[in-house]
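To keep things clear, I will list the structure first and then write my remarks on it.
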Amino acid sequence: MEISKEHISDWLKTLQDIICKALEAADGSAKFKEENWTREEGGGGRSRVMENGSVIEKGGVMFSAVSGKAPDFLFKESAHSETSPNINREGLTFFATGVSIVIHPVNPMVPIIHMNIRYFEMNNGTKWFGGGIDLTPHYIIDEDATYFHTQLKKVCDAHHKAYYPKFKTWADEYFYITHRKETRGIGGIFFDRLNKSEEMSFEQNFEFWKQVGEAFAPTYVELIRRNKNKLFTPENKQWQLLRRGRYVEFNLVYDKGTRFGLETNGRVESILMSLPANASWLYDFKVKENSPEQDTLNKLKKGINRV
């Protein structure tokens with residue numbers, strides 16, 4: 001059976017429903033508010049945002065399916081791109097659909113989480129899956145880091161043994177704040193332009209991609225359960241705001257999803273949903289030696305084996 005863009009888009013809307021229900025249950029008080037929107041050039045989306053919950057201070061679970069003339073920046077990507085500066089752009093159109101999630105919790109002991117899974121195709125036959133899940137703890141708890149990466153490794157290993165080490169390394173490289181010389185968090189997995197290979201068919205990669213999306217809710221709900229009732233101090237809250245500031249820096253300076261949305265005239269409120277309600281930047285802030293904050297900074301490195 002051919003996997004159509006309509007089938008993929010419908011599956012993503014169902015995934016959005018499932019994840020929203022799981023997060024509402026985990027929060028226990030707040031509900032998602034939904035806003036439907038249309039894009040002048042083609043397509044639209046379904047934005048769902050939760051604010052001021054018992055567990056979730058601000059979170060969004062966004063679905064979009066947009067189409068139109070292929071944007072110029074697609075032809076400026078690196079050599080591994082399926083697009084090329086030399087291809088004929090005359091009449092070239094694109095379709096892109098995906099679910100994107102960012103959750104900023106109330107308690108500093110609960111981590112920030114991000115997921116994006118997306119599908120892209122052009123009318124010249126180019127098509128691919130992309131996405132991933134990554135975790136940004138304000139305080140890195142080794143047991144939680146191991147649990148998180150173990151869940152992602154299980155998904156990867158069920159499809160291809162090379163996927164976890166490859167996509168884990170890709171996440172380490174991608175979610176790196178170069179100007180700070182630190183990773184955004186503890187990474188996860190990240191992949192892009194996944195189509196087919198000698199080992200994996202397009203249909204098999206579709207099943208892998210779906211299971212990445214399905215892993216989000218149970219994994220994050222467990223991390224919420226472990227940490228939502230932990231006590232925290234004003235100093236912990238200050239550190240949380242500073243780490244949120246790093247999150248903002250990455251998303252506005254480096255994130256390709258943000259760039260894609262803005263350069264294709266996407267809905268700005270939905271694109272910038274990833275930013276927290278509150279963040280902080282203190283001039284020349286220094287952590288105390290041998291503090292939990294210093295321990296976390298020491299672990300914001302590429303290449304750490306988390307499993």
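Naming scheme: A, B, ... for chains in displayed order of the structure tokens; residues 1 onward per chain; ligands 1 onward as shown.
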
- prompt: Could you pull the residues within 12 Å of Ile8 of chain A, counting only C-alpha atoms, minus those fewer than 4 positions along the same chain, as a list in words?
  reply: Glu2, Ile3, Ser4, Leu12, Lys13, Thr14, Leu15, Phe63, Ser64, Ala65, Phe95, Ala96, Thr97, Gly98, Val99, Ile117, Arg118, Tyr119, Phe120, Glu121, Trp128, Phe129, Glu203, Phe206, Glu207, Trp209 and Lys210 of chain A

For Leu241 of chain A: contacts at 7 Å, only C-alpha atoms, fewer than 6 positions along chain excluded, given as a list of chain:residue names: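 Selected residues are A:Asn278, A:Ala279, A:Ser280.
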
Rows by chain and residue number, segment 227-307 of chain A within 9 Å of segment 42-52 of chain A, shortest pair, only C-alpha atoms, as a tab-separated table:
```
residue	atom	partner	partner_atom	distance
A:Gly266	CA	A:Gly44	CA	8.4
A:Arg267	CA	A:Gly44	CA	8.5
A:Ser270	CA	A:Ser47	CA	6.5
A:Met273	CA	A:Val49	CA	8.1
A:Ala277	CA	A:Glu51	CA	8.9
```

With N, CA and C atoms retained, write the just-selected residues as a PDB file, in the first residue's frame.
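Generated output (part26.pdb):
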```pdb
ATOM      1  N   GLY A 266       5.203  30.696   8.000  1.00  0.00           N
ATOM      2  CA  GLY A 266       4.355  29.962   8.931  1.00  0.00           C
ATOM      3  C   GLY A 266       3.757  30.885   9.975  1.00  0.00           C
ATOM      4  N   ARG A 267       2.926  30.318  10.806  1.00  0.00           N
ATOM      5  CA  ARG A 267       2.258  31.112  11.838  1.00  0.00           C
ATOM      6  C   ARG A 267       3.248  31.379  12.978  1.00  0.00           C
ATOM      7  N   SER A 270       2.726  29.961  16.534  1.00  0.00           N
ATOM      8  CA  SER A 270       2.969  28.519  16.634  1.00  0.00           C
ATOM      9  C   SER A 270       4.451  28.202  16.574  1.00  0.00           C
ATOM     10  N   MET A 273       6.131  29.089  19.836  1.00  0.00           N
ATOM     11  CA  MET A 273       5.558  28.414  20.995  1.00  0.00           C
ATOM     12  C   MET A 273       6.632  27.762  21.849  1.00  0.00           C
ATOM     13  N   ALA A 277       7.548  30.961  28.952  1.00  0.00           N
ATOM     14  CA  ALA A 277       6.881  32.192  29.362  1.00  0.00           C
ATOM     15  C   ALA A 277       7.850  33.122  30.081  1.00  0.00           C
TER      16      ALA A 277
END
```

- request: Just the residues within 9 Å of segment 246-256 of chain A, please, counting only C-alpha atoms, with nothing from its chain fewer than 2 positions along; format it as an MDAnalysis selection string.
  value: chainID A and resid 136 174:178 180 184:185 241:244 258:261 272 274:276 279:281

Could the residues in this selection be written to a file with N, CA and C atoms, as a PDB file, in the first residue's frame?
```pdb
ATOM      1  N   THR A 136      16.116  18.299  27.950  1.00  0.00           N
ATOM      2  CA  THR A 136      16.918  19.395  28.498  1.00  0.00           C
ATOM      3  C   THR A 136      16.629  19.527  29.987  1.00  0.00           C
ATOM      4  N   TYR A 174      23.811  18.351  16.760  1.00  0.00           N
ATOM      5  CA  TYR A 174      22.790  19.336  16.394  1.00  0.00           C
ATOM      6  C   TYR A 174      22.428  20.238  17.566  1.00  0.00           C
ATOM      7  N   PHE A 175      22.166  19.655  18.731  1.00  0.00           N
ATOM      8  CA  PHE A 175      21.720  20.437  19.889  1.00  0.00           C
ATOM      9  C   PHE A 175      22.921  20.952  20.686  1.00  0.00           C
ATOM     10  N   TYR A 176      23.789  21.638  19.991  1.00  0.00           N
ATOM     11  CA  TYR A 176      25.001  22.187  20.592  1.00  0.00           C
ATOM     12  C   TYR A 176      24.978  23.697  20.454  1.00  0.00           C
ATOM     13  N   ILE A 177      25.155  24.373  21.581  1.00  0.00           N
ATOM     14  CA  ILE A 177      25.171  25.844  21.584  1.00  0.00           C
ATOM     15  C   ILE A 177      26.625  26.271  21.400  1.00  0.00           C
ATOM     16  N   THR A 178      26.985  26.506  20.167  1.00  0.00           N
ATOM     17  CA  THR A 178      28.394  26.733  19.840  1.00  0.00           C
ATOM     18  C   THR A 178      28.970  27.912  20.608  1.00  0.00           C
ATOM     19  N   ARG A 180      28.268  29.000  23.433  1.00  0.00           N
ATOM     20  CA  ARG A 180      28.417  28.688  24.866  1.00  0.00           C
ATOM     21  C   ARG A 180      29.345  27.493  25.104  1.00  0.00           C
ATOM     22  N   ARG A 184      22.732  21.691  24.609  1.00  0.00           N
ATOM     23  CA  ARG A 184      21.506  22.264  25.164  1.00  0.00           C
ATOM     24  C   ARG A 184      21.004  21.449  26.342  1.00  0.00           C
ATOM     25  N   GLY A 185      21.176  20.166  26.274  1.00  0.00           N
ATOM     26  CA  GLY A 185      20.741  19.276  27.351  1.00  0.00           C
ATOM     27  C   GLY A 185      21.503  17.975  27.244  1.00  0.00           C
ATOM     28  N   LEU A 241      15.463  29.419  35.256  1.00  0.00           N
ATOM     29  CA  LEU A 241      15.272  30.534  34.333  1.00  0.00           C
ATOM     30  C   LEU A 241      16.512  30.766  33.476  1.00  0.00           C
ATOM     31  N   LEU A 242      17.686  30.580  34.056  1.00  0.00           N
ATOM     32  CA  LEU A 242      18.913  30.733  33.288  1.00  0.00           C
ATOM     33  C   LEU A 242      19.056  29.635  32.229  1.00  0.00           C
ATOM     34  N   ARG A 243      18.701  28.410  32.591  1.00  0.00           N
ATOM     35  CA  ARG A 243      18.755  27.322  31.609  1.00  0.00           C
ATOM     36  C   ARG A 243      17.708  27.522  30.515  1.00  0.00           C
ATOM     37  N   ARG A 244      16.573  28.065  30.859  1.00  0.00           N
ATOM     38  CA  ARG A 244      15.599  28.413  29.826  1.00  0.00           C
ATOM     39  C   ARG A 244      16.167  29.456  28.866  1.00  0.00           C
ATOM     40  N   THR A 258      12.695  26.248  13.408  1.00  0.00           N
ATOM     41  CA  THR A 258      12.281  27.641  13.540  1.00  0.00           C
ATOM     42  C   THR A 258      12.533  28.381  12.238  1.00  0.00           C
ATOM     43  N   ARG A 259      13.694  28.163  11.665  1.00  0.00           N
ATOM     44  CA  ARG A 259      14.057  28.823  10.404  1.00  0.00           C
ATOM     45  C   ARG A 259      13.088  28.436   9.292  1.00  0.00           C
ATOM     46  N   PHE A 260      12.775  27.127   9.192  1.00  0.00           N
ATOM     47  CA  PHE A 260      11.859  26.671   8.147  1.00  0.00           C
ATOM     48  C   PHE A 260      10.499  27.349   8.289  1.00  0.00           C
ATOM     49  N   GLY A 261       9.988  27.385   9.517  1.00  0.00           N
ATOM     50  CA  GLY A 261       8.679  27.999   9.730  1.00  0.00           C
ATOM     51  C   GLY A 261       8.651  29.462   9.360  1.00  0.00           C
ATOM     52  N   LEU A 272       6.992  30.114  17.505  1.00  0.00           N
ATOM     53  CA  LEU A 272       7.681  30.565  18.707  1.00  0.00           C
ATOM     54  C   LEU A 272       7.037  30.040  19.989  1.00  0.00           C
ATOM     55  N   SER A 274       7.760  27.407  21.234  1.00  0.00           N
ATOM     56  CA  SER A 274       8.821  26.698  21.930  1.00  0.00           C
ATOM     57  C   SER A 274       9.483  27.535  23.016  1.00  0.00           C
ATOM     58  N   LEU A 275       9.267  28.832  22.997  1.00  0.00           N
ATOM     59  CA  LEU A 275       9.920  29.701  23.975  1.00  0.00           C
ATOM     60  C   LEU A 275       9.148  29.693  25.294  1.00  0.00           C
ATOM     61  N   PRO A 276       9.851  29.702  26.416  1.00  0.00           N
ATOM     62  CA  PRO A 276       9.181  29.673  27.723  1.00  0.00           C
ATOM     63  C   PRO A 276       8.501  31.004  28.023  1.00  0.00           C
ATOM     64  N   ALA A 279      12.143  33.549  31.242  1.00  0.00           N
ATOM     65  CA  ALA A 279      13.534  33.111  31.177  1.00  0.00           C
ATOM     66  C   ALA A 279      14.394  34.240  31.722  1.00  0.00           C
ATOM     67  N   SER A 280      15.684  33.966  31.883  1.00  0.00           N
ATOM     68  CA  SER A 280      16.540  34.975  32.503  1.00  0.00           C
ATOM     69  C   SER A 280      17.944  34.930  31.924  1.00  0.00           C
ATOM     70  N   TRP A 281      18.563  36.111  31.901  1.00  0.00           N
ATOM     71  CA  TRP A 281      19.965  36.243  31.525  1.00  0.00           C
ATOM     72  C   TRP A 281      20.623  37.159  32.561  1.00  0.00           C
TER      73      TRP A 281
END
```

- request: May I ask for the distance between atom CA of Ile133 of chain A and atom CA of Ala171 of chain A, given in Å to one decimal place?
  value: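 Computing the Euclidean distance for atom CA of Ile133 of chain A and atom CA of Ala171 of chain A yields 8.7 Å.
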
From A:Asp192, A:Glu214, A:Glu198, A:Glu182, residue lying nearest Thr296 of chain A [only C-alpha atoms]: A:Glu182

query: Please, what distance in Å, to one decimal, runs between atom CA of Thr38 of chain A and atom CA of Val66 of chain A?
result: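 Atom-to-atom, atom CA of Thr38 of chain A to atom CA of Val66 of chain A, that is 8.8 Å.
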
message: Could you list, as a VMD selection string, every residue within 9 Å of Glu41 of chain A, counting only C-alpha atoms and ignoring same-chain residues fewer than 6 positions away?
response: chain A and resid 66 to 69 264 to 265

Residues from the last selection, N, CA and C atoms, saved as a CSV table (one decimal), in the first residue's frame:
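Wrote it out as selection-v4.csv, contents follow:
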```
chain,number,residue,atom,x,y,z
A,66,VAL,N,1.5,22.0,5.6
A,66,VAL,CA,1.6,23.2,4.8
A,66,VAL,C,2.2,22.8,3.4
A,67,SER,N,1.9,23.7,2.4
A,67,SER,CA,2.3,23.4,1.1
A,67,SER,C,2.5,24.7,0.3
A,68,GLY,N,3.2,24.6,-0.8
A,68,GLY,CA,3.4,25.8,-1.7
A,68,GLY,C,4.6,25.7,-2.5
A,69,LYS,N,5.1,26.8,-2.9
A,69,LYS,CA,6.4,26.9,-3.7
A,69,LYS,C,7.5,26.5,-2.8
A,264,THR,N,9.0,30.1,5.5
A,264,THR,CA,7.9,29.6,4.7
A,264,THR,C,6.6,30.3,5.1
A,265,ASN,N,6.8,31.5,5.8
A,265,ASN,CA,5.6,32.3,6.2
A,265,ASN,C,4.7,31.5,7.1
```

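Straight-line separation from atom CA of Phe190 of chain A to atom CA of Asp72 of chain A: 23.6 Å.
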
- request: List the neighbours of Ile189 of chain A out to 9 Å using only C-alpha atoms; skip same-chain residues closer than 5 positions along the sequence, and give me the result as JSON, numbers by chain.
  value: {"A": [131, 132, 133, 134, 149, 152, 153, 163, 164, 165, 166, 167, 168, 169, 170, 171, 172]}

Please produce an output containing C-alpha atoms for each residue in the selection, written as a PDB file, in the first residue's frame.
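Listed below is the output, result25.pdb:
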```
ATOM      1  CA  GLY A 131      12.605  14.259  13.598  1.00  0.00           C
ATOM      2  CA  GLY A 132      13.705  13.158  17.008  1.00  0.00           C
ATOM      3  CA  ILE A 133      13.290  13.658  20.735  1.00  0.00           C
ATOM      4  CA  ASP A 134      15.693  15.412  23.079  1.00  0.00           C
ATOM      5  CA  HIS A 149      18.170   7.201  26.398  1.00  0.00           C
ATOM      6  CA  LEU A 152      14.999   5.769  22.634  1.00  0.00           C
ATOM      7  CA  LYS A 153      17.572   3.034  22.094  1.00  0.00           C
ATOM      8  CA  TYR A 163      20.197   3.934  14.260  1.00  0.00           C
ATOM      9  CA  TYR A 164      20.720   4.707  17.942  1.00  0.00           C
ATOM     10  CA  PRO A 165      24.479   5.408  17.849  1.00  0.00           C
ATOM     11  CA  LYS A 166      24.110   7.317  14.579  1.00  0.00           C
ATOM     12  CA  PHE A 167      21.109   9.400  15.626  1.00  0.00           C
ATOM     13  CA  LYS A 168      22.396   9.922  19.174  1.00  0.00           C
ATOM     14  CA  THR A 169      25.614  11.392  17.772  1.00  0.00           C
ATOM     15  CA  TRP A 170      23.582  13.511  15.352  1.00  0.00           C
ATOM     16  CA  ALA A 171      21.588  14.913  18.288  1.00  0.00           C
ATOM     17  CA  ASP A 172      24.770  15.673  20.236  1.00  0.00           C
TER      18      ASP A 172
END
```

statement: With distances taken over only C-alpha atoms, the candidate from A:Gly53, A:Ile113, A:Asp284, A:Ser29 nearest Val221 of chain A is A:Ile113

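Of the residues listed (A:Ile224, A:Cys20, A:Glu6, A:Thr146), A:Cys20 shows the shortest atom-to-atom separation from Ile101 of chain A; distances use only C-alpha atoms.
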